[in-house]
>>> print(open('entry32.txt').read())   # compact mmCIF, N, CA and C atoms
# COMPACT_ATOMS: atom_id res chain seq x y z
N MET A 1 122.47 114.46 117.22
CA MET A 1 123.40 113.37 117.52
C MET A 1 122.72 112.40 118.48
N THR A 2 122.98 111.12 118.30
CA THR A 2 122.36 110.11 119.15
C THR A 2 123.13 109.98 120.45
N ASP A 3 122.49 109.39 121.40
CA ASP A 3 123.11 109.19 122.72
C ASP A 3 123.65 107.77 122.84
N GLU A 4 124.24 107.25 121.75
CA GLU A 4 124.79 105.91 121.78
C GLU A 4 126.07 105.89 122.59
N LYS A 5 126.24 104.80 123.32
CA LYS A 5 127.43 104.64 124.16
C LYS A 5 128.63 104.25 123.29
N MET A 6 129.77 104.84 123.60
CA MET A 6 130.99 104.53 122.86
C MET A 6 131.97 103.81 123.78
N ILE A 7 132.49 102.70 123.30
CA ILE A 7 133.48 101.92 124.05
C ILE A 7 134.75 101.91 123.22
N THR A 8 135.89 102.21 123.82
CA THR A 8 137.16 102.15 123.10
C THR A 8 138.14 101.27 123.86
N TYR A 9 138.96 100.58 123.11
CA TYR A 9 140.03 99.77 123.69
C TYR A 9 141.11 99.54 122.64
N THR A 10 142.24 99.00 123.06
CA THR A 10 143.35 98.70 122.16
C THR A 10 143.55 97.20 122.13
N ASP A 11 143.65 96.61 120.93
CA ASP A 11 143.82 95.17 120.83
C ASP A 11 145.29 94.78 121.03
N ASP A 12 145.57 93.49 120.90
CA ASP A 12 146.92 92.97 121.13
C ASP A 12 147.95 93.49 120.13
N GLU A 13 147.49 93.91 118.94
CA GLU A 13 148.40 94.40 117.91
C GLU A 13 148.60 95.91 117.99
N GLY A 14 147.97 96.56 118.93
CA GLY A 14 148.13 98.00 119.09
C GLY A 14 147.12 98.82 118.31
N ASN A 15 146.14 98.15 117.72
CA ASN A 15 145.10 98.87 116.99
C ASN A 15 144.05 99.40 117.97
N ARG A 16 143.60 100.61 117.74
CA ARG A 16 142.58 101.21 118.60
C ARG A 16 141.21 100.83 118.05
N ILE A 17 140.34 100.29 118.88
CA ILE A 17 139.01 99.85 118.48
C ILE A 17 137.99 100.75 119.17
N ALA A 18 137.03 101.24 118.41
CA ALA A 18 135.94 102.04 118.97
C ALA A 18 134.63 101.39 118.56
N ILE A 19 133.77 101.14 119.52
CA ILE A 19 132.45 100.58 119.24
C ILE A 19 131.43 101.62 119.64
N ILE A 20 130.67 102.07 118.65
CA ILE A 20 129.64 103.09 118.87
C ILE A 20 128.33 102.45 118.47
N GLY A 21 127.49 102.17 119.45
CA GLY A 21 126.23 101.48 119.16
C GLY A 21 126.54 100.13 118.54
N LYS A 22 126.06 99.90 117.32
CA LYS A 22 126.29 98.64 116.62
C LYS A 22 127.46 98.73 115.63
N THR A 23 128.12 99.88 115.60
CA THR A 23 129.21 100.11 114.64
C THR A 23 130.56 99.93 115.32
N LYS A 24 131.43 99.18 114.65
CA LYS A 24 132.77 98.95 115.17
C LYS A 24 133.76 99.63 114.23
N VAL A 25 134.60 100.50 114.77
CA VAL A 25 135.59 101.22 113.99
C VAL A 25 136.97 100.80 114.48
N ILE A 26 137.82 100.41 113.53
CA ILE A 26 139.18 99.99 113.90
C ILE A 26 140.17 101.00 113.34
N TYR A 27 140.97 101.58 114.24
CA TYR A 27 142.03 102.49 113.86
C TYR A 27 143.31 101.69 113.89
N LYS A 28 143.80 101.30 112.72
CA LYS A 28 144.97 100.45 112.63
C LYS A 28 146.22 101.25 112.99
N LYS A 29 147.00 100.67 113.86
CA LYS A 29 148.28 101.28 114.21
C LYS A 29 149.23 101.05 113.05
N MET A 30 149.79 102.13 112.54
CA MET A 30 150.68 102.03 111.39
C MET A 30 152.13 102.20 111.81
N SER A 31 152.99 101.41 111.18
CA SER A 31 154.41 101.57 111.43
C SER A 31 154.89 102.81 110.67
N ASP A 32 156.09 103.25 110.98
CA ASP A 32 156.66 104.40 110.28
C ASP A 32 156.79 104.12 108.78
N VAL A 33 157.14 102.88 108.44
CA VAL A 33 157.28 102.51 107.03
C VAL A 33 155.91 102.58 106.34
N GLU A 34 154.88 102.06 107.00
CA GLU A 34 153.54 102.11 106.41
C GLU A 34 153.07 103.56 106.24
N LYS A 35 153.37 104.40 107.21
CA LYS A 35 153.01 105.82 107.11
C LYS A 35 153.72 106.47 105.93
N ALA A 36 155.02 106.16 105.78
CA ALA A 36 155.80 106.73 104.68
C ALA A 36 155.25 106.26 103.33
N ILE A 37 154.89 104.99 103.25
CA ILE A 37 154.32 104.46 102.01
C ILE A 37 153.00 105.14 101.70
N GLU A 38 152.15 105.29 102.70
CA GLU A 38 150.84 105.93 102.49
C GLU A 38 151.03 107.38 102.05
N LEU A 39 151.94 108.10 102.69
CA LEU A 39 152.20 109.49 102.29
C LEU A 39 152.73 109.56 100.87
N SER A 40 153.61 108.63 100.52
CA SER A 40 154.17 108.59 99.17
C SER A 40 153.06 108.33 98.14
N GLU A 41 152.17 107.41 98.45
CA GLU A 41 151.05 107.12 97.54
C GLU A 41 150.12 108.32 97.41
N MET A 42 149.89 109.03 98.51
CA MET A 42 149.04 110.22 98.47
C MET A 42 149.68 111.30 97.61
N ARG A 43 150.98 111.50 97.74
CA ARG A 43 151.70 112.49 96.93
C ARG A 43 151.63 112.11 95.44
N GLU A 44 151.86 110.82 95.18
CA GLU A 44 151.82 110.35 93.79
C GLU A 44 150.44 110.58 93.18
N LYS A 45 149.40 110.30 93.94
CA LYS A 45 148.04 110.52 93.45
C LYS A 45 147.79 112.00 93.20
N ALA A 46 148.24 112.86 94.11
CA ALA A 46 148.07 114.31 93.95
C ALA A 46 148.80 114.80 92.70
N LEU A 47 150.01 114.31 92.47
CA LEU A 47 150.77 114.70 91.28
C LEU A 47 150.08 114.22 90.01
N HIS A 48 149.51 113.03 90.05
CA HIS A 48 148.78 112.50 88.89
C HIS A 48 147.56 113.37 88.59
N ILE A 49 146.82 113.74 89.62
CA ILE A 49 145.64 114.59 89.45
C ILE A 49 146.06 115.94 88.87
N GLU A 50 147.13 116.51 89.40
CA GLU A 50 147.61 117.81 88.91
C GLU A 50 148.02 117.72 87.44
N ALA A 51 148.74 116.65 87.07
CA ALA A 51 149.17 116.48 85.69
C ALA A 51 147.97 116.32 84.76
N THR A 52 146.97 115.58 85.21
CA THR A 52 145.76 115.39 84.42
C THR A 52 145.04 116.71 84.20
N GLU A 53 144.92 117.50 85.27
CA GLU A 53 144.26 118.80 85.17
C GLU A 53 145.02 119.73 84.22
N LYS A 54 146.33 119.72 84.31
CA LYS A 54 147.14 120.57 83.42
C LYS A 54 146.98 120.14 81.96
N ALA A 55 146.99 118.85 81.72
CA ALA A 55 146.84 118.34 80.35
C ALA A 55 145.47 118.74 79.78
N HIS A 56 144.45 118.64 80.62
CA HIS A 56 143.10 119.01 80.18
C HIS A 56 143.05 120.50 79.87
N ALA A 57 143.62 121.32 80.73
CA ALA A 57 143.63 122.77 80.51
C ALA A 57 144.42 123.12 79.26
N ARG A 58 145.53 122.44 79.05
CA ARG A 58 146.35 122.69 77.85
C ARG A 58 145.56 122.34 76.59
N ALA A 59 144.86 121.21 76.61
CA ALA A 59 144.07 120.80 75.45
C ALA A 59 142.97 121.82 75.17
N GLU A 60 142.32 122.30 76.22
CA GLU A 60 141.28 123.31 76.04
C GLU A 60 141.88 124.59 75.45
N GLY A 61 143.02 125.00 75.97
CA GLY A 61 143.69 126.20 75.47
C GLY A 61 144.09 126.08 74.02
N GLU A 62 144.60 124.90 73.65
CA GLU A 62 144.98 124.68 72.26
C GLU A 62 143.77 124.74 71.35
N ALA A 63 142.65 124.17 71.79
CA ALA A 63 141.43 124.20 70.98
C ALA A 63 140.95 125.63 70.77
N VAL A 64 140.99 126.42 71.84
CA VAL A 64 140.58 127.83 71.73
C VAL A 64 141.52 128.57 70.79
N GLY A 65 142.81 128.33 70.92
CA GLY A 65 143.80 128.98 70.06
C GLY A 65 143.61 128.61 68.59
N LEU A 66 143.30 127.35 68.32
CA LEU A 66 143.07 126.92 66.95
C LEU A 66 141.85 127.62 66.35
N LYS A 67 140.79 127.71 67.14
CA LYS A 67 139.58 128.39 66.65
C LYS A 67 139.86 129.86 66.35
N LYS A 68 140.60 130.52 67.25
CA LYS A 68 140.95 131.93 67.02
C LYS A 68 141.79 132.07 65.74
N GLY A 69 142.74 131.16 65.56
CA GLY A 69 143.58 131.19 64.37
C GLY A 69 142.78 130.99 63.10
N GLU A 70 141.81 130.06 63.15
CA GLU A 70 140.96 129.82 61.98
C GLU A 70 140.14 131.07 61.65
N ARG A 71 139.56 131.70 62.67
CA ARG A 71 138.77 132.92 62.44
C ARG A 71 139.64 134.04 61.88
N ARG A 72 140.85 134.16 62.40
CA ARG A 72 141.77 135.20 61.91
C ARG A 72 142.11 134.95 60.44
N LYS A 73 142.37 133.69 60.10
CA LYS A 73 142.71 133.34 58.71
C LYS A 73 141.53 133.61 57.79
N GLU A 74 140.31 133.27 58.25
CA GLU A 74 139.12 133.54 57.45
C GLU A 74 138.96 135.04 57.22
N ALA A 75 139.19 135.83 58.24
CA ALA A 75 139.08 137.29 58.11
C ALA A 75 140.11 137.82 57.12
N GLU A 76 141.33 137.27 57.15
CA GLU A 76 142.36 137.69 56.20
C GLU A 76 141.97 137.35 54.77
N ILE A 77 141.40 136.16 54.57
CA ILE A 77 140.99 135.74 53.23
C ILE A 77 139.87 136.65 52.72
N LEU A 78 138.89 136.94 53.57
CA LEU A 78 137.80 137.83 53.18
C LEU A 78 138.34 139.21 52.82
N ALA A 79 139.28 139.71 53.60
CA ALA A 79 139.85 141.03 53.33
C ALA A 79 140.58 141.02 51.99
N LYS A 80 141.30 139.95 51.68
CA LYS A 80 142.01 139.84 50.39
C LYS A 80 141.02 139.77 49.23
N MET A 81 139.91 139.04 49.45
CA MET A 81 138.90 138.93 48.40
C MET A 81 138.29 140.31 48.11
N ARG A 82 137.99 141.04 49.17
CA ARG A 82 137.42 142.39 49.00
C ARG A 82 138.43 143.32 48.32
N LYS A 83 139.68 143.20 48.74
CA LYS A 83 140.74 144.06 48.19
C LYS A 83 140.95 143.78 46.71
N SER A 84 140.74 142.52 46.32
CA SER A 84 140.94 142.18 44.91
C SER A 84 139.75 142.62 44.04
N GLY A 85 138.73 143.18 44.69
CA GLY A 85 137.62 143.74 43.93
C GLY A 85 136.38 142.89 43.84
N LEU A 86 136.35 141.79 44.55
CA LEU A 86 135.14 140.96 44.53
C LEU A 86 134.03 141.64 45.32
N SER A 87 132.82 141.54 44.82
CA SER A 87 131.67 142.11 45.54
C SER A 87 131.24 141.15 46.64
N GLU A 88 130.40 141.65 47.54
CA GLU A 88 129.91 140.81 48.65
C GLU A 88 129.11 139.63 48.09
N GLU A 89 128.36 139.85 47.00
CA GLU A 89 127.59 138.77 46.39
C GLU A 89 128.51 137.70 45.83
N GLN A 90 129.60 138.12 45.20
CA GLN A 90 130.56 137.16 44.65
C GLN A 90 131.24 136.36 45.77
N ILE A 91 131.57 137.07 46.86
CA ILE A 91 132.21 136.39 48.01
C ILE A 91 131.25 135.37 48.61
N LYS A 92 129.96 135.77 48.78
CA LYS A 92 128.96 134.84 49.33
C LYS A 92 128.80 133.65 48.42
N ALA A 93 128.80 133.88 47.10
CA ALA A 93 128.66 132.77 46.15
C ALA A 93 129.84 131.81 46.27
N ILE A 94 131.03 132.35 46.43
CA ILE A 94 132.23 131.51 46.56
C ILE A 94 132.16 130.71 47.86
N LEU A 95 131.78 131.37 48.94
CA LEU A 95 131.74 130.69 50.25
C LEU A 95 130.64 129.64 50.32
N ASN A 96 129.56 129.84 49.62
CA ASN A 96 128.44 128.89 49.65
C ASN A 96 128.56 127.78 48.63
N SER A 97 129.61 127.80 47.82
CA SER A 97 129.75 126.76 46.80
C SER A 97 130.45 125.53 47.33
>>> encode(input="entry32.txt", output="structure tokens")
Amino acid sequence: MTDEKMITYTDDEGNRIAIIGKTKVIYKKMSDVEKAIELSEMREKALHIEATEKAHARAEGEAVGLKKGERRKEAEILAKMRKSGLSEEQIKAILNS
């Protein structure tokens, strides 16, 4: 950490100002209404992020489920083909056509 001098003061509007070396940081004094609005916006953003994550997870889950369903259906068809007396060569010929 540097040994830069820090100066702090409050301006006429009630904002806290900190000057560290060549950097000036302003801490704006917020009214209760501004604080409530900021909190509301933060909550809304968090809810949006959560909804987006859930939608993405749902889409991934649906894709996995569809693939499992397709594999299950393929296995059922192969089993029916074998049961009906088709040989493995005949099944391969049908699948490769």
>>> atom_distance(input="entry32.txt", atom1="atom N of Val64 of chain A", atom2="atom C of Glu88 of chain A")
29.7 Å
>>> select_by_dssp(input="entry32.txt", residues="chain A", states="helix (DSSP H, G or I)", output="JSON, numbers by chain")
{"A": [32, 33, 34, 35, 36, 37, 38, 39, 40, 41, 42, 43, 44, 45, 46, 47, 48, 49, 50, 51, 52, 53, 54, 55, 56, 57, 58, 59, 60, 61, 62, 63, 64, 65, 66, 67, 68, 69, 70, 71, 72, 73, 74, 75, 76, 77, 78, 79, 80, 81, 82, 83, 88, 89, 90, 91, 92, 93, 94, 95]}
>>> atom_distance(input="entry32.txt", atom1="atom C of Ala63 of chain A", atom2="atom CA of Leu47 of chain A")
25.2 Å
>>> select_by_dssp(input="entry32.txt", residues="chain A", states="strand (DSSP E)", output="ChimeraX atom specification")
/A:6-10,16-20,23-27
>>> residues_around(input="entry32.txt", residues="segment 14-25 of chain A", least_positions_apart="5", cutoff="7 Å", atoms="all atoms listed in the file", output="PyMOL selection string")
chain A and resi 4-9
